[in-house]
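This is entry_38.cif. It holds mmCIF, C-alpha atoms.
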```cif
data_input
#
loop_
_atom_site.label_atom_id
_atom_site.label_comp_id
_atom_site.auth_asym_id
_atom_site.auth_seq_id
_atom_site.Cartn_x
_atom_site.Cartn_y
_atom_site.Cartn_z
CA MET F 84 -1.96 2.61 35.04
CA HIS F 85 -0.20 4.09 32.02
CA THR F 86 3.04 2.21 32.59
CA ARG F 87 1.22 -1.03 33.34
CA ALA F 88 -0.93 -0.71 30.21
CA CYS F 89 2.13 -0.07 28.08
CA LEU F 90 3.95 -3.05 29.55
CA VAL F 91 0.96 -5.33 29.01
CA LEU F 92 0.61 -4.28 25.40
CA VAL F 93 4.33 -4.64 24.73
CA LEU F 94 4.40 -8.11 26.23
CA VAL F 95 1.44 -9.25 24.15
CA LEU F 96 2.89 -7.78 20.96
CA GLY F 97 6.18 -9.48 21.66
CA GLY F 98 8.14 -6.21 21.71
CA CYS F 99 8.49 -3.56 19.04
CA SER F 100 10.26 -5.22 16.15
CA GLY F 101 9.65 -6.06 12.55
CA GLU F 102 9.53 -4.82 8.98
CA GLU F 103 6.93 -2.68 7.25
CA PRO F 104 5.97 -3.39 3.63
CA SER F 105 5.98 -0.56 1.11
CA TRP F 106 2.85 1.27 0.03
CA GLU F 107 2.09 3.83 -2.67
CA GLU F 108 -0.87 6.09 -3.39
CA GLY F 109 -3.45 4.67 -5.73
CA PRO F 110 -6.34 6.12 -7.75
CA ILE F 111 -8.48 8.96 -6.44
CA GLY F 112 -11.93 7.89 -5.32
CA GLU F 113 -15.23 9.32 -6.53
CA VAL F 114 -15.41 13.10 -6.15
CA TYR F 115 -18.73 14.89 -5.75
CA GLU F 116 -20.11 18.09 -4.28
CA GLY F 117 -20.28 17.90 -0.51
CA LEU F 118 -17.79 15.02 -0.23
CA SER F 119 -16.61 14.68 3.37
CA VAL F 120 -13.22 13.42 4.49
CA GLY F 121 -14.89 10.43 6.13
CA GLY F 122 -16.72 9.62 2.91
CA ALA F 123 -13.61 9.73 0.71
CA GLY F 124 -12.93 6.50 -1.14
CA GLY F 125 -10.13 5.37 -3.39
CA CYS F 126 -6.54 5.10 -2.20
CA SER F 127 -5.16 8.60 -2.73
CA THR F 128 -4.85 11.26 -0.03
CA PHE F 129 -4.91 13.88 -2.78
CA VAL F 130 -8.70 13.75 -2.49
CA VAL F 131 -8.35 16.06 0.56
CA ASP F 132 -6.01 18.49 -1.21
CA GLY F 133 -8.29 21.50 -0.65
CA LEU F 134 -8.46 20.92 3.09
CA SER F 135 -4.77 20.03 3.31
CA LYS F 136 -3.69 23.36 1.82
CA GLN F 137 -5.79 25.18 4.41
CA LEU F 138 -4.25 23.13 7.22
CA ILE F 139 -0.70 23.93 6.10
CA ALA F 140 -1.55 27.63 5.97
CA GLU F 141 -3.12 27.47 9.43
CA GLN F 142 -0.04 25.84 10.94
CA ASN F 143 1.95 28.83 9.75
CA CYS F 144 -0.66 31.04 11.42
CA ILE F 145 -0.17 29.24 14.72
CA ARG F 146 3.62 29.48 14.47
CA ALA F 147 5.12 31.84 11.88
CA ASN F 148 7.27 29.92 9.37
CA ALA F 149 6.68 26.65 11.18
CA LEU F 150 6.76 25.02 7.75
CA VAL F 151 8.71 26.43 4.80
CA SER F 152 8.56 25.40 1.16
CA PHE F 153 11.50 23.84 -0.66
CA SER F 154 9.65 23.99 -3.99
CA GLY F 155 11.81 25.32 -6.82
CA LYS F 156 15.09 24.89 -4.95
CA LYS F 157 18.15 23.87 -6.93
CA GLY F 158 18.58 20.14 -7.44
CA ILE F 159 15.21 19.10 -6.00
CA THR F 160 12.64 17.21 -8.07
CA ILE F 161 9.24 16.88 -6.41
CA GLY F 162 6.89 13.97 -7.10
CA SER F 163 3.18 14.16 -7.77
CA ASN F 164 0.91 15.07 -4.86
CA VAL F 165 3.80 15.99 -2.55
CA TYR F 166 3.49 18.94 -0.19
CA PRO F 167 7.04 20.36 -0.33
CA PHE F 168 7.13 21.70 3.21
CA LEU F 169 9.49 21.00 6.11
CA GLU F 170 10.59 22.67 9.31
CA PRO F 171 13.13 25.42 8.48
CA LYS F 172 16.22 23.53 9.71
CA ALA F 173 15.18 20.37 7.90
CA ALA F 174 14.46 22.34 4.72
CA SER F 175 17.90 23.96 4.87
CA GLY F 176 19.51 20.55 5.31
CA LEU F 177 17.56 19.16 2.36
CA GLU F 178 18.47 22.09 0.13
CA ALA F 179 22.15 21.73 1.06
CA ALA F 180 22.07 18.03 0.19
CA ALA F 181 20.29 18.75 -3.09
CA SER F 182 22.84 21.37 -4.08
CA ALA F 183 25.56 18.74 -3.71
CA SER F 184 23.63 16.05 -5.58
CA GLY F 185 20.13 16.10 -7.07
CA LEU F 186 17.29 14.63 -5.00
CA SER F 187 13.94 13.17 -6.02
CA ILE F 188 11.42 13.74 -3.21
CA ASN F 189 8.40 11.45 -3.12
CA SER F 190 6.97 12.47 0.26
CA ALA F 191 7.55 15.25 2.79
CA PHE F 192 5.06 16.99 5.09
CA ARG F 193 1.71 15.29 5.62
CA THR F 194 -1.42 16.95 7.02
CA ILE F 195 -3.67 15.47 9.68
CA ALA F 196 -6.40 15.06 7.05
CA GLN F 197 -4.09 12.84 5.00
CA GLN F 198 -3.04 10.90 8.09
CA TYR F 199 -6.70 10.41 9.00
CA LEU F 200 -7.30 8.70 5.65
CA LEU F 201 -4.19 6.53 5.90
CA TYR F 202 -5.17 5.39 9.38
CA LYS F 203 -8.78 4.74 8.35
CA TRP F 204 -7.68 2.70 5.35
CA TYR F 205 -5.25 0.77 7.53
CA GLN F 206 -8.01 -0.02 10.06
CA ASN F 207 -10.28 -1.19 7.24
CA GLY F 208 -7.58 -3.32 5.62
CA GLN F 209 -7.63 -1.16 2.47
CA CYS F 210 -5.05 0.09 -0.01
CA GLY F 211 -2.32 -2.33 1.04
CA ILE F 212 -1.46 -0.38 4.21
CA SER F 213 -0.09 -2.78 6.80
CA LEU F 214 0.60 -0.19 9.48
CA ALA F 215 -0.29 3.47 10.03
CA ALA F 216 0.15 5.92 12.89
CA VAL F 217 -2.83 7.45 14.66
CA PRO F 218 -3.27 11.02 13.34
CA GLY F 219 -1.12 13.43 15.27
CA ASN F 220 1.62 10.82 15.79
CA SER F 221 3.43 10.58 12.44
CA ASN F 222 6.79 12.28 12.08
CA HIS F 223 5.78 13.27 8.56
CA GLU F 224 3.27 15.52 10.36
CA THR F 225 6.06 17.46 12.05
CA GLY F 226 8.09 18.23 8.94
CA ILE F 227 11.33 16.35 9.69
CA ALA F 228 10.90 13.42 7.30
CA VAL F 229 11.25 12.89 3.55
CA ASP F 230 11.13 9.92 1.22
CA VAL F 231 13.84 10.05 -1.46
CA GLY F 232 13.30 8.21 -4.73
CA ASN F 233 17.01 7.99 -5.58
CA TYR F 234 17.89 7.08 -1.99
CA SER F 235 20.45 4.36 -2.74
CA SER F 236 22.99 6.82 -4.15
CA GLU F 237 22.26 9.60 -1.66
CA ILE F 238 22.69 7.99 1.76
CA SER F 239 26.14 9.48 2.40
CA ASN F 240 25.19 12.83 0.91
CA MET F 241 22.10 13.07 3.10
CA ALA F 242 24.09 12.06 6.18
CA ASN F 243 26.57 14.86 5.48
CA HIS F 244 23.73 17.36 5.77
CA GLY F 245 21.98 16.17 8.92
CA TRP F 246 19.75 13.39 7.58
CA THR F 247 19.63 9.87 9.04
CA HIS F 248 18.78 6.85 6.88
CA SER F 249 16.60 5.56 9.68
CA TYR F 250 15.24 2.24 8.39
CA PRO F 251 17.38 0.76 5.61
CA SER F 252 15.48 -2.54 5.67
CA SER F 253 11.87 -1.70 6.48
CA ASP F 254 11.70 1.71 4.81
CA PRO F 255 14.76 2.32 2.60
CA VAL F 256 13.52 5.56 1.01
CA HIS F 257 12.85 7.25 4.38
CA PHE F 258 15.17 9.85 5.96
CA ASP F 259 14.76 11.85 9.18
CA TYR F 260 16.47 15.15 9.92
CA THR F 261 18.32 14.59 13.20
CA ALA F 262 20.88 17.44 13.29
CA GLY F 263 18.83 19.47 15.78
CA GLY F 264 17.01 22.77 15.69
CA THR F 265 13.58 21.21 15.14
CA ILE F 266 10.53 21.05 17.36
CA ASP F 267 7.63 18.63 17.59
CA LEU F 268 4.82 20.17 15.53
CA ARG F 269 2.47 17.20 15.64
CA SER F 270 0.14 18.65 18.26
CA GLU F 271 0.01 21.86 16.23
CA SER F 272 -1.07 19.86 13.18
CA VAL F 273 -4.06 18.77 15.27
CA LEU F 274 -4.59 22.29 16.62
CA ALA F 275 -4.62 23.70 13.09
CA PHE F 276 -7.62 21.53 12.26
CA GLN F 277 -9.39 22.36 15.52
CA LYS F 278 -9.03 26.09 14.85
CA LEU F 279 -10.34 25.79 11.30
CA TRP F 280 -13.27 23.68 12.44
CA ASN F 281 -14.24 26.22 15.10
CA LEU F 282 -13.87 29.13 12.69
CA ASN F 283 -16.35 27.47 10.34
CA ASN F 284 -18.61 25.90 12.97
CA PRO F 285 -19.13 28.51 15.70
CA GLY F 286 -22.17 26.64 16.99
CA ALA F 287 -20.36 23.30 17.40
CA LYS F 288 -16.93 24.21 18.69
CA ILE F 289 -14.44 21.67 20.02
CA ALA F 290 -11.51 22.07 22.40
CA GLU F 291 -8.46 23.72 20.86
CA ASP F 292 -5.98 21.60 22.80
CA GLY F 293 -3.91 19.99 20.07
CA ALA F 294 -4.97 16.53 21.30
CA TYR F 295 -6.31 13.96 18.83
CA GLY F 296 -9.17 11.81 20.10
CA PRO F 297 -12.72 10.67 19.28
CA MET F 298 -14.21 14.19 19.13
CA THR F 299 -11.53 15.60 16.84
CA ALA F 300 -11.65 12.44 14.72
CA SER F 301 -15.41 12.77 14.24
CA LYS F 302 -15.06 16.38 13.13
CA ILE F 303 -12.32 15.54 10.64
CA ALA F 304 -14.59 12.86 9.20
CA ALA F 305 -17.41 15.42 8.84
CA SER F 306 -15.20 18.10 7.24
CA PRO F 307 -15.38 18.96 3.52
CA ALA F 308 -12.60 17.27 1.55
CA THR F 309 -12.33 20.33 -0.70
CA GLY F 310 -11.77 22.64 2.27
CA PHE F 311 -13.78 24.91 4.54
CA ALA F 312 -15.60 28.02 3.35
CA LYS F 313 -13.29 30.09 5.57
CA GLY F 314 -9.61 29.32 5.24
CA SER F 315 -6.66 29.97 7.51
CA THR F 316 -7.12 32.61 10.20
CA CYS F 317 -4.17 34.77 9.08
CA MET F 318 -4.48 34.92 5.30
CA PRO F 319 -3.70 38.41 3.97
CA GLN F 320 -6.71 40.72 3.67
CA THR F 321 -6.42 44.20 2.12
CA THR F 322 -9.18 46.79 1.88
CA PRO F 323 -8.85 49.05 -1.18
CA ASN F 324 -8.58 52.79 -0.79
CA THR F 325 -11.34 55.00 -2.21
CA PRO F 326 -10.38 56.65 -4.48
CA PRO F 327 -7.46 54.42 -5.55
CA ASP F 328 -4.00 55.54 -4.50
CA PRO F 329 -2.45 57.35 -7.52
CA GLN F 330 0.95 55.90 -6.57
CA LEU F 331 -0.32 52.41 -7.42
CA ALA F 332 -0.86 51.79 -11.11
CA ALA F 333 0.19 49.09 -13.56
CA GLU F 334 -0.37 47.75 -17.06
CA LEU F 335 -0.52 44.05 -17.94
CA GLY F 336 2.41 42.89 -20.08
CA GLN F 337 3.56 39.51 -21.30
CA GLN F 338 2.61 36.25 -19.63
CA SER F 339 3.20 32.52 -19.82
CA MET F 340 0.59 30.48 -17.98
CA PRO F 341 -0.53 26.82 -18.17
CA GLN F 342 -3.64 26.18 -20.26
CA ALA F 343 -4.28 22.56 -19.24
CA LEU F 344 -3.62 20.62 -16.06
CA ALA F 345 -4.31 17.13 -14.78
CA ALA F 346 -5.52 16.75 -11.22
CA GLY F 347 -2.49 17.15 -8.99
CA GLU F 348 -0.25 18.34 -11.80
CA VAL F 349 1.89 21.42 -11.10
CA GLN F 350 3.08 23.68 -13.92
CA PRO F 351 5.09 26.91 -13.64
CA GLY F 352 4.04 30.26 -15.05
CA TRP F 353 4.79 33.97 -14.91
CA VAL F 354 3.23 37.33 -15.68
CA GLU F 355 4.73 40.79 -16.14
CA PHE F 356 3.28 44.19 -15.27
CA LYS F 357 4.70 47.62 -16.11
CA ASN F 358 4.85 50.00 -13.15
CA THR F 359 2.92 53.08 -14.35
CA GLY F 360 2.51 54.58 -10.88
CA THR F 361 4.87 56.64 -8.74
CA ALA F 362 5.72 54.10 -6.02
CA THR F 363 8.52 51.53 -6.27
CA TRP F 364 7.40 47.92 -6.01
CA GLU F 365 9.15 45.83 -3.36
CA PRO F 366 9.37 42.03 -2.96
CA GLY F 367 7.21 40.94 -0.04
CA VAL F 368 4.99 44.03 -0.34
CA THR F 369 3.79 44.19 -3.94
CA ARG F 370 1.92 40.95 -4.57
CA LEU F 371 -0.43 39.19 -6.95
CA GLY F 372 -3.67 38.22 -5.19
CA THR F 373 -6.98 36.63 -6.09
CA THR F 374 -9.90 38.85 -7.09
CA ASP F 375 -13.59 38.58 -8.06
CA PRO F 376 -13.99 38.64 -5.11
CA GLN F 377 -10.76 39.83 -3.58
CA ASP F 378 -8.86 37.61 -1.14
CA ARG F 379 -10.69 34.46 -2.23
CA GLU F 380 -8.93 31.11 -1.82
CA SER F 381 -7.98 29.73 -5.23
CA ALA F 382 -8.69 26.18 -6.33
CA LEU F 383 -5.54 26.42 -8.44
CA SER F 384 -3.16 27.39 -5.64
CA ALA F 385 0.15 25.53 -5.70
CA PRO F 386 2.74 24.78 -3.00
CA ASP F 387 4.90 27.75 -4.03
CA TRP F 388 2.12 30.28 -3.37
CA ILE F 389 2.48 32.68 -0.43
CA SER F 390 -1.01 31.69 0.71
CA ALA F 391 -4.17 30.35 -0.90
CA ASN F 392 -5.12 33.91 -1.92
CA ARG F 393 -1.64 35.27 -2.77
CA ALA F 394 0.08 33.68 -5.75
CA ALA F 395 3.39 35.54 -5.66
CA THR F 396 5.31 38.70 -4.90
CA VAL F 397 7.25 40.74 -7.43
CA ASP F 398 10.55 39.00 -8.22
CA ALA F 399 12.69 42.11 -7.76
CA GLU F 400 12.48 45.81 -6.92
CA THR F 401 10.62 47.55 -9.73
CA LYS F 402 10.86 51.34 -10.04
CA PRO F 403 8.30 53.54 -11.89
CA GLY F 404 8.55 52.89 -15.62
CA GLU F 405 10.13 49.45 -15.15
CA THR F 406 8.54 46.02 -15.69
CA GLY F 407 8.18 43.59 -12.83
CA ARG F 408 7.71 39.84 -13.11
CA PHE F 409 5.62 37.61 -10.82
CA THR F 410 6.60 33.92 -10.95
CA PHE F 411 4.34 31.16 -9.58
CA SER F 412 2.82 27.78 -10.41
CA LEU F 413 -0.70 26.44 -10.83
CA ARG F 414 -1.83 23.07 -9.51
CA GLY F 415 -4.80 21.13 -10.86
CA PRO F 416 -7.44 20.47 -8.19
CA VAL F 417 -9.32 17.21 -7.72
CA VAL F 418 -12.14 17.00 -10.28
CA SER F 419 -14.56 14.20 -11.17
CA ALA F 420 -14.77 15.19 -14.85
CA PRO F 421 -12.95 17.62 -17.18
CA GLU F 422 -13.65 21.14 -15.98
CA ALA F 423 -12.78 24.59 -17.30
CA LEU F 424 -11.61 26.88 -14.48
CA THR F 425 -11.06 30.61 -14.61
CA GLU F 426 -8.93 32.44 -12.06
CA HIS F 427 -8.72 36.20 -11.62
CA PHE F 428 -5.72 38.01 -10.17
CA GLY F 429 -4.91 41.59 -9.32
CA LEU F 430 -1.95 43.51 -7.94
CA VAL F 431 -2.06 44.53 -4.29
CA GLN F 432 0.22 46.62 -2.11
CA GLU F 433 -0.03 44.44 0.96
CA GLY F 434 -1.62 46.18 3.92
CA VAL F 435 -2.23 49.35 1.86
CA ALA F 436 -4.55 48.97 -1.13
CA TRP F 437 -5.40 47.08 -4.28
CA PHE F 438 -4.26 48.50 -7.60
CA PRO F 439 -6.90 49.76 -10.06
CA ALA F 440 -8.73 47.10 -12.07
CA ALA F 441 -6.42 47.61 -15.08
CA ALA F 442 -3.69 45.80 -13.12
CA SER F 443 -5.36 42.42 -13.47
CA LEU F 444 -4.80 38.98 -14.97
CA THR F 445 -7.31 36.32 -16.05
CA VAL F 446 -6.19 32.71 -16.46
CA ASP F 447 -8.30 29.99 -18.10
CA VAL F 448 -7.28 26.40 -17.43
CA MET F 449 -8.81 23.08 -18.47
CA VAL F 450 -8.45 20.58 -15.61
CA SER F 451 -8.85 16.87 -16.23
CA PRO F 452 -9.18 14.05 -13.68
CA ALA F 453 -6.16 11.81 -13.35
CA ALA F 454 -5.25 8.79 -11.27
CA VAL F 455 -2.11 9.04 -9.19
CA PRO F 456 0.76 7.79 -11.42
CA SER F 457 2.00 4.38 -10.46
CA GLY F 458 5.68 3.64 -10.01
CA ASP F 459 8.21 1.47 -8.30
CA PRO F 460 6.80 0.72 -4.83
CA SER F 461 10.31 0.91 -3.43
CA GLU F 462 10.33 4.57 -4.37
CA SER F 463 6.99 5.33 -2.73
CA THR F 464 7.32 3.66 0.66
CA GLU F 465 6.27 5.70 3.66
CA GLY F 466 7.07 4.32 7.07
CA GLY F 467 9.53 3.99 9.89
CA VAL F 468 9.48 5.09 13.49
CA THR F 469 10.90 8.45 14.46
CA PRO F 470 14.51 8.04 15.66
CA THR F 471 15.07 8.30 19.40
CA ALA F 472 18.37 9.02 21.12
CA PRO F 473 19.70 6.03 23.07
CA GLY F 474 18.41 5.98 26.62
CA ALA F 475 15.99 8.87 26.11
CA MET F 476 12.68 9.70 24.49
CA GLY F 477 13.10 12.55 22.05
CA ALA F 478 10.58 15.14 20.96
CA HIS F 479 9.53 12.99 18.02
CA GLY F 480 10.01 9.67 19.67
CA GLY F 481 9.46 6.05 19.89
CA CYS F 482 6.51 3.75 20.51
CA SER F 483 3.86 6.10 21.81
CA PHE F 484 0.69 4.96 23.56
CA ALA F 485 -1.65 7.73 24.56
CA GLY F 486 -4.93 8.62 26.22
CA HIS F 487 -7.84 10.61 24.84
CA ASP F 488 -9.21 14.10 24.17
CA ALA F 489 -10.28 14.99 27.68
CA ALA F 490 -7.83 16.17 30.31
CA ASN F 491 -8.10 12.83 32.09
CA ASN F 492 -4.68 11.54 33.05
CA ASP F 493 -5.84 8.01 33.87
CA LEU F 494 -6.70 5.55 31.12
CA GLY F 495 -9.25 3.84 33.36
CA ALA F 496 -11.98 1.69 31.85
CA THR F 497 -11.86 3.55 28.55
CA GLY F 498 -8.13 2.92 28.25
CA VAL F 499 -8.56 -0.79 29.00
CA ALA F 500 -11.31 -1.08 26.41
CA LEU F 501 -9.20 0.66 23.81
CA LEU F 502 -6.24 -1.57 24.60
CA VAL F 503 -8.49 -4.54 23.94
CA VAL F 504 -9.43 -3.02 20.59
CA ALA F 505 -5.75 -2.50 19.85
CA LEU F 506 -4.94 -6.12 20.65
CA THR F 507 -7.86 -7.31 18.53
CA LEU F 508 -6.64 -5.29 15.59
CA PHE F 509 -3.18 -6.70 16.10
CA VAL F 510 -4.39 -10.26 15.94
CA ARG F 511 -6.48 -9.47 12.86
CA ARG F 512 -3.79 -7.54 10.99
CA ARG F 513 -0.77 -9.56 12.16
CA ALA F 514 1.24 -6.34 12.03
CA SER F 515 4.75 -6.14 13.51
CA TYR F 516 6.50 -3.18 15.06
CA PRO F 517 9.97 -1.62 15.13
CA SER F 518 12.22 -1.94 18.12
CA GLY F 519 12.13 0.87 20.65
CA ARG F 520 11.04 1.89 24.12
CA CYS F 521 7.40 2.47 24.96
CA ARG F 522 5.77 5.24 26.91
CA ALA F 523 2.22 6.27 27.72
CA SER F 524 1.44 9.87 26.89
CA VAL F 525 -1.63 11.87 27.80
CA GLY F 526 -3.65 14.13 25.55
CA SER F 527 -4.04 12.01 22.45
CA SER F 528 -5.73 8.79 21.49
CA SER F 529 -2.75 6.92 20.08
CA PHE F 530 -2.66 3.21 20.79
CA TRP F 531 -0.16 2.17 18.13
CA PRO F 532 3.54 2.80 17.88
CA SER F 533 4.41 6.24 16.56
CA ARG F 534 5.22 5.30 13.01
CA SER F 535 5.91 7.77 10.24
CA ARG F 536 3.28 6.27 7.95
#
```

The structure in this file should be written as structure tokens.
Amino acid sequence: MHTRACLVLVLVLGGCSGEEPSWEEGPIGEVYEGLSVGGAGGCSTFVVDGLSKQLIAEQNCIRANALVSFSGKKGITIGSNVYPFLEPKAASGLEAAASASGLSINSAFRTIAQQYLLYKWYQNGQCGISLAAVPGNSNHETGIAVDVGNYSSEISNMANHGWTHSYPSSDPVHFDYTAGGTIDLRSESVLAFQKLWNLNNPGAKIAEDGAYGPMTASKIAASPATGFAKGSTCMPQTTPNTPPDPQLAAELGQQSMPQALAAGEVQPGWVEFKNTGTATWEPGVTRLGTTDPQDRESALSAPDWISANRAATVDAETKPGETGRFTFSLRGPVVSAPEALTEHFGLVQEGVAWFPAAASLTVDVMVSPAAVPSGDPSESTEGGVTPTAPGAMGAHGGCSFAGHDAANNDLGATGVALLVVALTLFVRRRASYPSGRCRASVGSSSFWPSRSR
């Protein structure tokens, strides 16, 4: 039934070929307390920034270092509202290319919450999106794809470091890392959401199977755009000793922190503390975490943070009497009107204890709403099918048609009905598809080719 359904759909669509117009993020829709993902308007996926940060953190809970940040790396300029995360091998390849010649990155990893919005807007004919992958099917969701603003001068440089300029006509800014050493993380992007939903909704749990379908889609729609009350399942948590450990003591020194941010804007900062205790501070152990209350997720967390409740670790080993610096950025959250935010930080010896209250930092920031900056559409395109080796379907591959949430391996009547819906949408949207082989895969509700959009 799967093969037959795929063949029927391919025949009707006239094969998988065609171009995909460019698209760029637009203004953020109305923001209000209790806004759900399904209720988000506008044309900017930044409206789900709070939830997206939790999803990225949860993916790294599921698989340690599944996604690593390339923020702050030499030669890399990151555009607004970009999550600078890739799989480790892809990140290394990008950093190597950037060290040879500067790169402007306009898109990298995308969360399932973002993909949900893109697909919803595509279905509704909104925001100029002519084609979008079903959530859980985009190669941007597996951390092997980037969009490069200055792509025209970097094609050879990127190729020298493992990146393929996959779609020079339909998606010229898009590159895929094809040098190997990556895995398909798309099902884990779905699983990350399912785990967070169940953590926050113990009375309405869903299957944690990594399969995207109607049930998972309905829960994404009902989720808070600003993020769940409980974040990722493996965020650091440290219980302070009583009385405080005399080895851990510090005094606040100089600092340089942003005082104003626009929504989505990222600005760097740093703070210094003098080590007045008897223990040496070590990178990876001595960290700056959120307080009041401790371990709280920060609305100002940026992509270079360790987690939503850990801003940074000490830059270098700091012996008693020396001064240690903590370097990190702040990112303006989505706001509907200008808002003054205050964040509290404290030093923590991870897994041991918090420092006394004197080792603390308070940051006041004025955050203003801002539309996503417009630019050259050719520098903001997101699209293209994941490359597939000739004669084989790779881990990220091809035109993928899939089933549904349940462990039912036969499309049956439901599959036929959904194929009809797919064909109807095709006629209405007049969308065209890239060349490639088609397969039917079980465990997801994808009916459209596996595009990177």

Using all atoms listed in the file, which residue out of F:Leu424, F:Leu201, F:Val273, F:Ala183 lies closest to Ala294 (chain F)?
F:Val273

Hits of the PyMOL selection byres ((chain F and resi 160-175) around 9) in this structure, as a ChimeraX atom specification
/F:128-129,132,136,139,148-159,176-180,185-194,223,225-229,232,244-246,259-266,268,347-349,386-387,455-456

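If you measure from each of F:Thr373, F:Thr299, F:Ser315, F:Gly415 to Pro351 (chain F) using all atoms listed in the file, the closest one turns out to be F:Gly415.
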
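Relative to CA of Ala453 (chain F), CA of Val417 (chain F) is found at 8.4 Å.
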
For the structure provided, state which residues fall under the PyMOL selection byres ((chain F and resi 396) around 10), and present them as a list of chain:residue names.
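When the PyMOL selection byres ((chain F and resi 396) around 10) is applied, the selected residues are F:Trp364, F:Glu365, F:Pro366, F:Gly367, F:Val368, F:Thr369, F:Arg370, F:Leu371, F:Gly372, F:Trp388, F:Ile389, F:Arg393, F:Ala394, F:Ala395, F:Val397, F:Asp398, F:Ala399, F:Gly407, F:Arg408, F:Phe409, F:Thr410, F:Phe411, F:Leu430, F:Val431, F:Gln432, F:Glu433.
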
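Of the residues listed (F:Cys317, F:Ala442, F:Val418, F:Ile238), F:Val418 shows the shortest atom-to-atom separation from Val114 (chain F); distances use all atoms listed in the file.
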
Taking the file as shown, find all residues satisfying the PyMOL selection byres ((chain F and resi 445) around 6) and write them as a PyMOL selection string.
chain F and resi 426-427+444+446
